[in-house]
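Below is start24.tsv, holding TSV, N, CA and C atoms and all ligand atoms.
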chain	number	residue	atom	x	y	z
S	372	MET	N	-188.52	7.84	46.16
S	372	MET	CA	-188.12	7.84	44.74
S	372	MET	C	-186.80	7.08	44.58
S	373	GLN	N	-186.74	6.26	43.56
S	373	GLN	CA	-185.65	5.30	43.43
S	373	GLN	C	-184.24	5.91	43.39
S	374	ASP	N	-184.07	6.98	42.61
S	374	ASP	CA	-182.73	7.51	42.40
S	374	ASP	C	-182.40	8.71	43.28
S	375	CYS	N	-183.20	8.96	44.29
S	375	CYS	CA	-183.00	10.14	45.13
S	375	CYS	C	-182.10	9.82	46.33
S	376	ILE	N	-181.00	10.57	46.45
S	376	ILE	CA	-180.05	10.34	47.55
S	376	ILE	C	-180.75	10.47	48.90
S	377	PHE	N	-181.58	11.50	49.05
S	377	PHE	CA	-182.23	11.72	50.36
S	377	PHE	C	-183.25	10.63	50.65
S	378	CYS	N	-183.95	10.12	49.62
S	378	CYS	CA	-184.86	8.98	49.86
S	378	CYS	C	-184.06	7.77	50.34
S	379	LYS	N	-182.86	7.60	49.78
S	379	LYS	CA	-182.03	6.46	50.20
S	379	LYS	C	-181.53	6.65	51.63
S	380	ILE	N	-181.21	7.89	52.00
S	380	ILE	CA	-180.81	8.17	53.39
S	380	ILE	C	-181.99	7.91	54.33
S	381	ILE	N	-183.17	8.37	53.95
S	381	ILE	CA	-184.38	8.16	54.76
S	381	ILE	C	-184.64	6.65	54.93
S	382	ALA	N	-184.44	5.90	53.86
S	382	ALA	CA	-184.68	4.44	53.91
S	382	ALA	C	-183.56	3.70	54.62
S	383	GLY	N	-182.46	4.40	54.96
S	383	GLY	CA	-181.34	3.74	55.63
S	383	GLY	C	-180.42	3.01	54.68
S	384	GLU	N	-180.60	3.23	53.37
S	384	GLU	CA	-179.76	2.54	52.37
S	384	GLU	C	-178.41	3.24	52.21
S	385	ILE	N	-178.36	4.54	52.55
S	385	ILE	CA	-177.09	5.29	52.58
S	385	ILE	C	-176.93	5.79	54.01
S	386	PRO	N	-175.75	5.58	54.63
S	386	PRO	CA	-175.57	6.03	56.01
S	386	PRO	C	-175.56	7.55	56.12
S	387	SER	N	-176.02	8.05	57.25
S	387	SER	CA	-175.97	9.49	57.51
S	387	SER	C	-175.83	9.69	59.01
S	388	SER	N	-175.42	10.89	59.38
S	388	SER	CA	-175.31	11.23	60.79
S	388	SER	C	-176.62	11.89	61.21
S	389	LYS	N	-177.54	11.08	61.74
S	389	LYS	CA	-178.88	11.56	62.08
S	389	LYS	C	-178.88	12.28	63.41
S	390	VAL	N	-179.60	13.39	63.47
S	390	VAL	CA	-179.73	14.08	64.77
S	390	VAL	C	-181.18	14.08	65.26
S	391	TYR	N	-182.14	13.86	64.38
S	391	TYR	CA	-183.54	13.79	64.81
S	391	TYR	C	-184.34	13.04	63.74
S	392	GLU	N	-185.28	12.25	64.18
S	392	GLU	CA	-186.16	11.55	63.23
S	392	GLU	C	-187.52	11.33	63.87
S	393	ASP	N	-188.58	11.54	63.09
S	393	ASP	CA	-189.90	11.08	63.51
S	393	ASP	C	-190.61	10.52	62.28
S	394	ASP	N	-191.92	10.35	62.37
S	394	ASP	CA	-192.65	9.72	61.26
S	394	ASP	C	-192.61	10.55	59.98
S	395	GLU	N	-192.44	11.87	60.14
S	395	GLU	CA	-192.59	12.77	58.99
S	395	GLU	C	-191.30	13.36	58.47
S	396	ILE	N	-190.32	13.54	59.34
S	396	ILE	CA	-189.10	14.26	58.93
S	396	ILE	C	-187.85	13.56	59.45
S	397	LEU	N	-186.74	13.89	58.81
S	397	LEU	CA	-185.42	13.45	59.27
S	397	LEU	C	-184.49	14.67	59.25
S	398	ILE	N	-183.68	14.80	60.29
S	398	ILE	CA	-182.65	15.84	60.32
S	398	ILE	C	-181.30	15.15	60.46
S	399	PHE	N	-180.38	15.48	59.56
S	399	PHE	CA	-179.06	14.84	59.57
S	399	PHE	C	-178.00	15.85	59.17
S	400	ARG	N	-176.74	15.49	59.42
S	400	ARG	CA	-175.63	16.41	59.13
S	400	ARG	C	-175.31	16.41	57.65
S	401	ASP	N	-175.10	17.63	57.09
S	401	ASP	CA	-174.71	17.75	55.67
S	401	ASP	C	-173.33	17.16	55.48
S	402	ILE	N	-173.15	16.44	54.38
S	402	ILE	CA	-171.88	15.77	54.12
S	402	ILE	C	-170.77	16.77	53.76
S	403	ASP	N	-171.18	17.97	53.34
S	403	ASP	CA	-170.22	18.98	52.87
S	403	ASP	C	-170.51	20.32	53.56
S	404	PRO	N	-170.27	20.39	54.88
S	404	PRO	CA	-170.75	21.55	55.64
S	404	PRO	C	-170.10	22.86	55.22
S	405	ILE	N	-170.93	23.92	55.18
S	405	ILE	CA	-170.40	25.27	54.89
S	405	ILE	C	-170.45	26.15	56.13
S	406	ALA	N	-170.85	25.59	57.25
S	406	ALA	CA	-170.81	26.29	58.53
S	406	ALA	C	-170.45	25.26	59.60
S	407	ARG	N	-170.05	25.74	60.76
S	407	ARG	CA	-169.62	24.82	61.82
S	407	ARG	C	-170.72	23.81	62.13
S	408	VAL	N	-171.97	24.31	62.16
S	408	VAL	CA	-173.12	23.39	62.25
S	408	VAL	C	-173.88	23.52	60.94
S	409	HIS	N	-174.03	22.43	60.23
S	409	HIS	CA	-174.78	22.43	58.96
S	409	HIS	C	-175.61	21.15	58.91
S	410	LEU	N	-176.91	21.34	59.18
S	410	LEU	CA	-177.83	20.20	59.19
S	410	LEU	C	-178.79	20.32	58.02
S	411	LEU	N	-179.38	19.21	57.65
S	411	LEU	CA	-180.43	19.21	56.63
S	411	LEU	C	-181.68	18.60	57.24
S	412	CYS	N	-182.80	19.28	57.04
S	412	CYS	CA	-184.09	18.77	57.51
S	412	CYS	C	-184.90	18.42	56.27
S	413	VAL	N	-185.30	17.16	56.17
S	413	VAL	CA	-186.05	16.72	54.98
S	413	VAL	C	-187.38	16.08	55.39
S	414	PRO	N	-188.45	16.38	54.62
S	414	PRO	CA	-189.66	15.59	54.81
S	414	PRO	C	-189.41	14.19	54.27
S	415	LYS	N	-190.04	13.20	54.84
S	415	LYS	CA	-189.82	11.83	54.34
S	415	LYS	C	-190.49	11.61	52.99
S	416	GLU	N	-191.51	12.41	52.71
S	416	GLU	CA	-192.17	12.30	51.42
S	416	GLU	C	-191.32	12.99	50.36
S	417	HIS	N	-191.17	12.35	49.21
S	417	HIS	CA	-190.35	12.94	48.15
S	417	HIS	C	-191.14	13.94	47.32
S	418	TYR	N	-190.68	15.18	47.29
S	418	TYR	CA	-191.09	16.17	46.30
S	418	TYR	C	-189.98	17.21	46.25
S	419	LYS	N	-189.96	18.01	45.20
S	419	LYS	CA	-188.76	18.82	44.96
S	419	LYS	C	-188.80	20.21	45.58
S	420	THR	N	-189.89	20.94	45.37
S	420	THR	CA	-189.91	22.35	45.79
S	420	THR	C	-191.24	22.72	46.43
S	421	VAL	N	-191.29	23.92	46.97
S	421	VAL	CA	-192.53	24.40	47.60
S	421	VAL	C	-193.65	24.58	46.58
S	422	ALA	N	-193.31	24.60	45.29
S	422	ALA	CA	-194.36	24.67	44.26
S	422	ALA	C	-195.25	23.43	44.31
S	423	GLU	N	-194.74	22.36	44.92
S	423	GLU	CA	-195.50	21.10	45.00
S	423	GLU	C	-196.18	20.92	46.35
S	424	LEU	N	-196.22	21.98	47.14
S	424	LEU	CA	-196.89	21.86	48.45
S	424	LEU	C	-198.39	21.67	48.28
S	425	ASN	N	-198.96	20.82	49.10
S	425	ASN	CA	-200.41	20.76	49.27
S	425	ASN	C	-200.66	20.96	50.76
S	426	ALA	N	-201.89	20.86	51.19
S	426	ALA	CA	-202.19	21.17	52.59
S	426	ALA	C	-201.43	20.25	53.55
S	427	ALA	N	-201.40	18.96	53.24
S	427	ALA	CA	-200.74	18.00	54.15
S	427	ALA	C	-199.23	18.27	54.20
S	428	ARG	N	-198.64	18.51	53.05
S	428	ARG	CA	-197.19	18.79	53.01
S	428	ARG	C	-196.86	20.09	53.74
S	429	ALA	N	-197.73	21.09	53.58
S	429	ALA	CA	-197.50	22.37	54.26
S	429	ALA	C	-197.58	22.19	55.78
S	430	GLU	N	-198.50	21.34	56.23
S	430	GLU	CA	-198.61	21.08	57.67
S	430	GLU	C	-197.36	20.37	58.18
S	431	THR	N	-196.87	19.42	57.42
S	431	THR	CA	-195.64	18.72	57.81
S	431	THR	C	-194.47	19.69	57.87
S	432	LEU	N	-194.41	20.58	56.88
S	432	LEU	CA	-193.32	21.56	56.85
S	432	LEU	C	-193.42	22.50	58.05
S	433	GLY	N	-194.63	22.88	58.39
S	433	GLY	CA	-194.83	23.72	59.57
S	433	GLY	C	-194.36	23.02	60.83
S	434	ARG	N	-194.69	21.75	60.94
S	434	ARG	CA	-194.24	20.98	62.12
S	434	ARG	C	-192.71	20.85	62.11
S	435	ALA	N	-192.13	20.71	60.92
S	435	ALA	CA	-190.66	20.63	60.82
S	435	ALA	C	-190.03	21.91	61.35
S	436	LEU	N	-190.61	23.06	60.98
S	436	LEU	CA	-190.06	24.33	61.46
S	436	LEU	C	-190.19	24.45	62.97
S	437	GLN	N	-191.33	23.97	63.50
S	437	GLN	CA	-191.50	23.98	64.96
S	437	GLN	C	-190.43	23.12	65.63
S	438	LYS	N	-190.17	21.94	65.06
S	438	LYS	CA	-189.14	21.04	65.62
S	438	LYS	C	-187.79	21.73	65.60
S	439	ILE	N	-187.46	22.33	64.46
S	439	ILE	CA	-186.17	23.01	64.35
S	439	ILE	C	-186.06	24.08	65.43
S	440	GLY	N	-187.13	24.86	65.60
S	440	GLY	CA	-187.12	25.92	66.61
S	440	GLY	C	-186.93	25.38	68.01
S	441	SER	N	-187.56	24.25	68.30
S	441	SER	CA	-187.47	23.74	69.67
S	441	SER	C	-186.17	22.98	69.92
S	442	PHE	N	-185.59	22.40	68.84
S	442	PHE	CA	-184.38	21.60	69.03
S	442	PHE	C	-183.10	22.40	68.80
S	443	ALA	N	-183.21	23.61	68.24
S	443	ALA	CA	-182.00	24.36	67.86
S	443	ALA	C	-180.96	24.47	68.97
S	444	PRO	N	-181.36	24.79	70.21
S	444	PRO	CA	-180.33	24.91	71.26
S	444	PRO	C	-179.54	23.62	71.45
S	445	SER	N	-180.20	22.49	71.33
S	445	SER	CA	-179.47	21.24	71.55
S	445	SER	C	-178.62	20.86	70.34
S	446	PHE	N	-178.80	21.56	69.21
S	446	PHE	CA	-177.95	21.32	68.04
S	446	PHE	C	-176.72	22.23	68.07
S	447	GLY	N	-176.54	23.05	69.12
S	447	GLY	CA	-175.42	23.99	69.16
S	447	GLY	C	-175.72	25.25	68.38
S	448	LEU	N	-177.01	25.62	68.27
S	448	LEU	CA	-177.41	26.77	67.45
S	448	LEU	C	-178.02	27.88	68.30
S	449	ASP	N	-177.72	27.89	69.58
S	449	ASP	CA	-178.39	28.85	70.47
S	449	ASP	C	-177.99	30.29	70.20
S	450	GLY	N	-176.89	30.53	69.47
S	450	GLY	CA	-176.49	31.91	69.16
S	450	GLY	C	-177.23	32.49	67.97
S	451	GLY	N	-178.12	31.72	67.36
S	451	GLY	CA	-178.80	32.13	66.13
S	451	GLY	C	-178.40	31.21	64.99
S	452	TYR	N	-179.24	31.12	63.99
S	452	TYR	CA	-178.96	30.22	62.88
S	452	TYR	C	-179.74	30.68	61.66
S	453	ARG	N	-179.40	30.13	60.52
S	453	ARG	CA	-180.04	30.51	59.26
S	453	ARG	C	-180.69	29.28	58.64
S	454	LEU	N	-181.91	29.46	58.13
S	454	LEU	CA	-182.60	28.41	57.39
S	454	LEU	C	-182.60	28.79	55.92
S	455	VAL	N	-182.19	27.85	55.06
S	455	VAL	CA	-182.10	28.10	53.62
S	455	VAL	C	-182.78	26.96	52.88
S	456	MET	N	-183.61	27.31	51.91
S	456	MET	CA	-184.23	26.29	51.06
S	456	MET	C	-183.97	26.67	49.60
S	457	ASN	N	-183.03	26.01	48.96
S	457	ASN	CA	-182.78	26.27	47.55
S	457	ASN	C	-183.90	25.62	46.74
S	458	GLN	N	-184.46	26.42	45.84
S	458	GLN	CA	-185.61	25.97	45.04
S	458	GLN	C	-185.23	25.97	43.57
S	459	GLY	N	-184.82	24.84	43.06
S	459	GLY	CA	-184.47	24.73	41.64
S	459	GLY	C	-182.99	24.95	41.39
S	460	GLU	N	-182.59	24.53	40.21
S	460	GLU	CA	-181.17	24.51	39.86
S	460	GLU	C	-180.55	25.90	39.88
S	461	ALA	N	-181.26	26.91	39.37
S	461	ALA	CA	-180.68	28.27	39.32
S	461	ALA	C	-180.39	28.80	40.71
S	462	ALA	N	-181.07	28.27	41.70
S	462	ALA	CA	-180.83	28.69	43.09
S	462	ALA	C	-179.77	27.82	43.76
S	463	GLY	N	-179.28	26.82	43.04
S	463	GLY	CA	-178.24	25.96	43.60
S	463	GLY	C	-178.76	24.66	44.18
S	464	GLN	N	-180.03	24.32	43.90
S	464	GLN	CA	-180.54	23.04	44.41
S	464	GLN	C	-179.92	21.90	43.61
S	465	THR	N	-179.21	21.04	44.30
S	465	THR	CA	-178.55	19.91	43.64
S	465	THR	C	-179.24	18.59	43.93
S	466	VAL	N	-180.00	18.52	45.01
S	466	VAL	CA	-180.74	17.30	45.35
S	466	VAL	C	-182.23	17.62	45.23
S	467	PRO	N	-182.93	16.95	44.30
S	467	PRO	CA	-184.32	17.30	44.02
S	467	PRO	C	-185.32	16.71	45.00
S	468	HIS	N	-185.02	16.85	46.28
S	468	HIS	CA	-185.90	16.40	47.37
S	468	HIS	C	-185.92	17.57	48.34
S	469	LEU	N	-187.09	18.13	48.59
S	469	LEU	CA	-187.18	19.35	49.41
S	469	LEU	C	-186.34	19.22	50.69
S	470	HIS	N	-185.57	20.24	51.01
S	470	HIS	CA	-184.77	20.20	52.23
S	470	HIS	C	-184.52	21.60	52.74
S	471	ILE	N	-184.38	21.68	54.04
S	471	ILE	CA	-184.06	22.94	54.70
S	471	ILE	C	-182.63	22.84	55.22
S	472	HIS	N	-181.76	23.73	54.74
S	472	HIS	CA	-180.42	23.80	55.33
S	472	HIS	C	-180.54	24.55	56.66
S	473	ILE	N	-179.91	24.03	57.69
S	473	ILE	CA	-179.86	24.69	59.00
S	473	ILE	C	-178.39	25.01	59.26
S	474	LEU	N	-178.08	26.31	59.25
S	474	LEU	CA	-176.68	26.75	59.30
S	474	LEU	C	-176.42	27.58	60.54
S	475	GLY	N	-175.33	27.32	61.22
S	475	GLY	CA	-175.01	28.14	62.38
S	475	GLY	C	-173.79	27.60	63.11
S	476	GLY	N	-173.75	27.89	64.41
S	476	GLY	CA	-172.61	27.46	65.21
S	476	GLY	C	-171.45	28.42	65.13
S	477	GLU	N	-171.63	29.51	64.37
S	477	GLU	CA	-170.60	30.53	64.21
S	477	GLU	C	-171.29	31.76	63.60
S	478	PRO	N	-170.67	32.95	63.66
S	478	PRO	CA	-171.26	34.12	63.01
S	478	PRO	C	-171.31	33.90	61.49
S	479	LEU	N	-172.43	34.27	60.86
S	479	LEU	CA	-172.60	34.05	59.43
S	479	LEU	C	-172.64	35.38	58.70
S	480	SER	N	-171.98	35.45	57.55
S	480	SER	CA	-172.09	36.64	56.71
S	480	SER	C	-173.23	36.43	55.72
S	481	TRP	N	-173.61	37.48	55.01
S	481	TRP	CA	-174.74	37.41	54.10
S	481	TRP	C	-174.25	37.59	52.67
S	482	GLY	N	-174.69	36.78	51.74
S	482	GLY	CA	-174.29	36.94	50.34
S	482	GLY	C	-175.24	36.17	49.45
S	483	LYS	N	-175.08	36.27	48.14
S	483	LYS	CA	-176.03	35.55	47.28
S	483	LYS	C	-175.39	34.30	46.67
S	501	LIG	P1	-178.73	21.77	47.75
S	501	LIG	O1	-177.52	22.22	47.01
S	501	LIG	O2	-179.54	22.91	48.34
S	501	LIG	O3	-179.58	20.82	46.92
S	501	LIG	O4	-178.19	20.95	48.99
S	501	LIG	C1	-177.91	19.60	48.95
S	501	LIG	C2	-177.01	19.30	50.10
S	501	LIG	O5	-177.02	17.91	50.30
S	501	LIG	C3	-175.55	19.72	49.91
S	501	LIG	O6	-175.21	20.71	50.90
S	501	LIG	C4	-174.76	18.45	50.16
S	501	LIG	C5	-175.75	17.52	50.79
S	501	LIG	N1	-175.59	16.13	50.42
S	501	LIG	C6	-175.54	15.62	49.16
S	501	LIG	N2	-175.38	14.28	49.20
S	501	LIG	C7	-175.35	13.94	50.51
S	501	LIG	C8	-175.21	12.69	51.20
S	501	LIG	O7	-175.09	11.61	50.61
S	501	LIG	N3	-175.21	12.75	52.56
S	501	LIG	C9	-175.35	13.93	53.25
S	501	LIG	N4	-175.33	13.84	54.59
S	501	LIG	N5	-175.49	15.11	52.63
S	501	LIG	C10	-175.48	15.12	51.28
Take the structure in the file and give it back as structure tokens.
Amino acid sequence: MQDCIFCKIIAGEIPSSKVYEDDEILIFRDIDPIARVHLLCVPKEHYKTVAELNAARAETLGRALQKIGSFAPSFGLDGGYRLVMNQGEAAGQTVPHLHIHILGGEPLSWGK
């Protein structure tokens, strides 16, 4: 999508600190980290929320979660980590391209 920051990062038009990439997903460091380790995992296909999932997108998302699980120790997340997906503006979603926040590298507190 033309005006989407994450589509531009995926296309290489905006630089990012990439930690993993394959045909379907990209994982890169959040520009404004709220934890010692704060990564974003995005599908390369543009859509906004899980309300737009279809079978193919759900399979990609499942594979993304598997990748996160298998790569977490090498990201410095071996002590545990949190996955967050903000869905819509009221939940704090600021970039309308589905993404999974991967937070960790330190003890995390819980809040809304
Ligand atoms: P959310 O608020 O859930 O939509 O999260 C969007 C995140 O995207 C937010 O934590 C900051 C991050 N972000 C926004 N613009 C950029 C960017 O240009 N580069 C990187 N690496 N992260 C960005």
Hey, which bits of chain S sit within 6.5 Å of ligand LIG 501 (chain S), and for each residue what's the closest pair of atoms and how far apart in Å (one decimal), counting all atoms listed in the file, rows by chain and increasing number, as CSV?
residue,atom,partner,partner_atom,distance
S:Ile376,CA,S:LIG501,O7,6.0
S:Pro386,C,S:LIG501,N3,6.3
S:Ser387,CA,S:LIG501,N4,5.3
S:Ser388,N,S:LIG501,N4,5.6
S:Phe399,C,S:LIG501,N4,5.7
S:Arg400,C,S:LIG501,N4,4.0
S:Asp401,C,S:LIG501,N4,4.0
S:Ile402,N,S:LIG501,N5,3.2
S:Asp403,N,S:LIG501,C4,4.8
S:Pro404,N,S:LIG501,O6,6.4
S:Met456,C,S:LIG501,O2,5.9
S:Asn457,N,S:LIG501,O2,4.7
S:Gly463,C,S:LIG501,O1,3.9
S:Gln464,CA,S:LIG501,O3,3.5
S:Thr465,N,S:LIG501,O3,2.7
S:Val466,N,S:LIG501,O3,3.0
S:Pro467,N,S:LIG501,O3,5.8
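Using all atoms listed in the file for every distance, the candidate list S:Leu436, S:Lys379, S:Glu416, S:Arg407 yields S:Glu416 as the residue closest to Asp394 (chain S).
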Give the helix (DSSP H, G or I) residues of chain S, as assigned by DSSP on the backbone, as a count of residues only.
-> 33
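Interatomic distance, atom N of Ile380 (chain S) to atom C of Gly482 (chain S): 29.0 Å.
Distance-wise, CA of Ala406 (chain S) and CA of His468 (chain S) end up 21.2 Å apart.
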Tell me which protein, DNA and RNA residues are within 9 Å of Leu479 (chain S), counting only C-alpha atoms, leaving out same-chain ones fewer than 5 positions away, and put them as an MDAnalysis selection string.
-> chainID S and resid 406 452:453 474
Saved selection, atoms kept: N, CA and C atoms, as a PDB file, in the frame of the given file:
ATOM      1  N   ALA S 406    -170.850  25.590  57.250  1.00  0.00           N
ATOM      2  CA  ALA S 406    -170.810  26.290  58.530  1.00  0.00           C
ATOM      3  C   ALA S 406    -170.450  25.260  59.600  1.00  0.00           C
ATOM      4  N   TYR S 452    -179.240  31.120  63.990  1.00  0.00           N
ATOM      5  CA  TYR S 452    -178.960  30.220  62.880  1.00  0.00           C
ATOM      6  C   TYR S 452    -179.740  30.680  61.660  1.00  0.00           C
ATOM      7  N   ARG S 453    -179.400  30.130  60.520  1.00  0.00           N
ATOM      8  CA  ARG S 453    -180.040  30.510  59.260  1.00  0.00           C
ATOM      9  C   ARG S 453    -180.690  29.280  58.640  1.00  0.00           C
ATOM     10  N   LEU S 474    -178.080  26.310  59.250  1.00  0.00           N
ATOM     11  CA  LEU S 474    -176.680  26.750  59.300  1.00  0.00           C
ATOM     12  C   LEU S 474    -176.420  27.580  60.540  1.00  0.00           C
TER      13      LEU S 474
END
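Interatomic distance, CA of Lys483 (chain S) to CA of Gly433 (chain S): 25.4 Å.
Nearest residue to Glu395 (chain S), choosing from S:Ala461, S:Ala435, S:Phe377, S:Leu410 and counting all atoms listed in the file: S:Ala435.
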Which parts of region 405-480 of chain S does DSSP call strand (DSSP E or B) when run on the backbone here, written out as a PyMOL selection string?
-> chain S and resi 408-414+452-455+471-475
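Compared by their closest atoms to Cys412 (chain S), and using only N, CA and C atoms, the residues S:His472, S:Trp481, S:Glu392, S:Asp449 rank with S:His472 nearest.
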With 5 Å added on each side, what axis-aligned box encloses every listed atom of region 388-392 of chain S? Give the centre and edge lengths in Å to one decimal, as lines of an AutoDock Vina configuration file.
center_x = -181.4
center_y = 12.5
center_z = 62.3
size_x = 22.2
size_y = 13.2
size_z = 15.9
Which is closest to Ser441 (chain S) among S:Ser480, S:Tyr391, S:Cys378, S:Lys415, if we use only C-alpha atoms?
-> S:Tyr391
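With distances restricted to all atoms listed in the file, S:Gly447 is the closest residue to Gly475 (chain S) from S:Ile396, S:Gly459, S:Gly447, S:Ile381.
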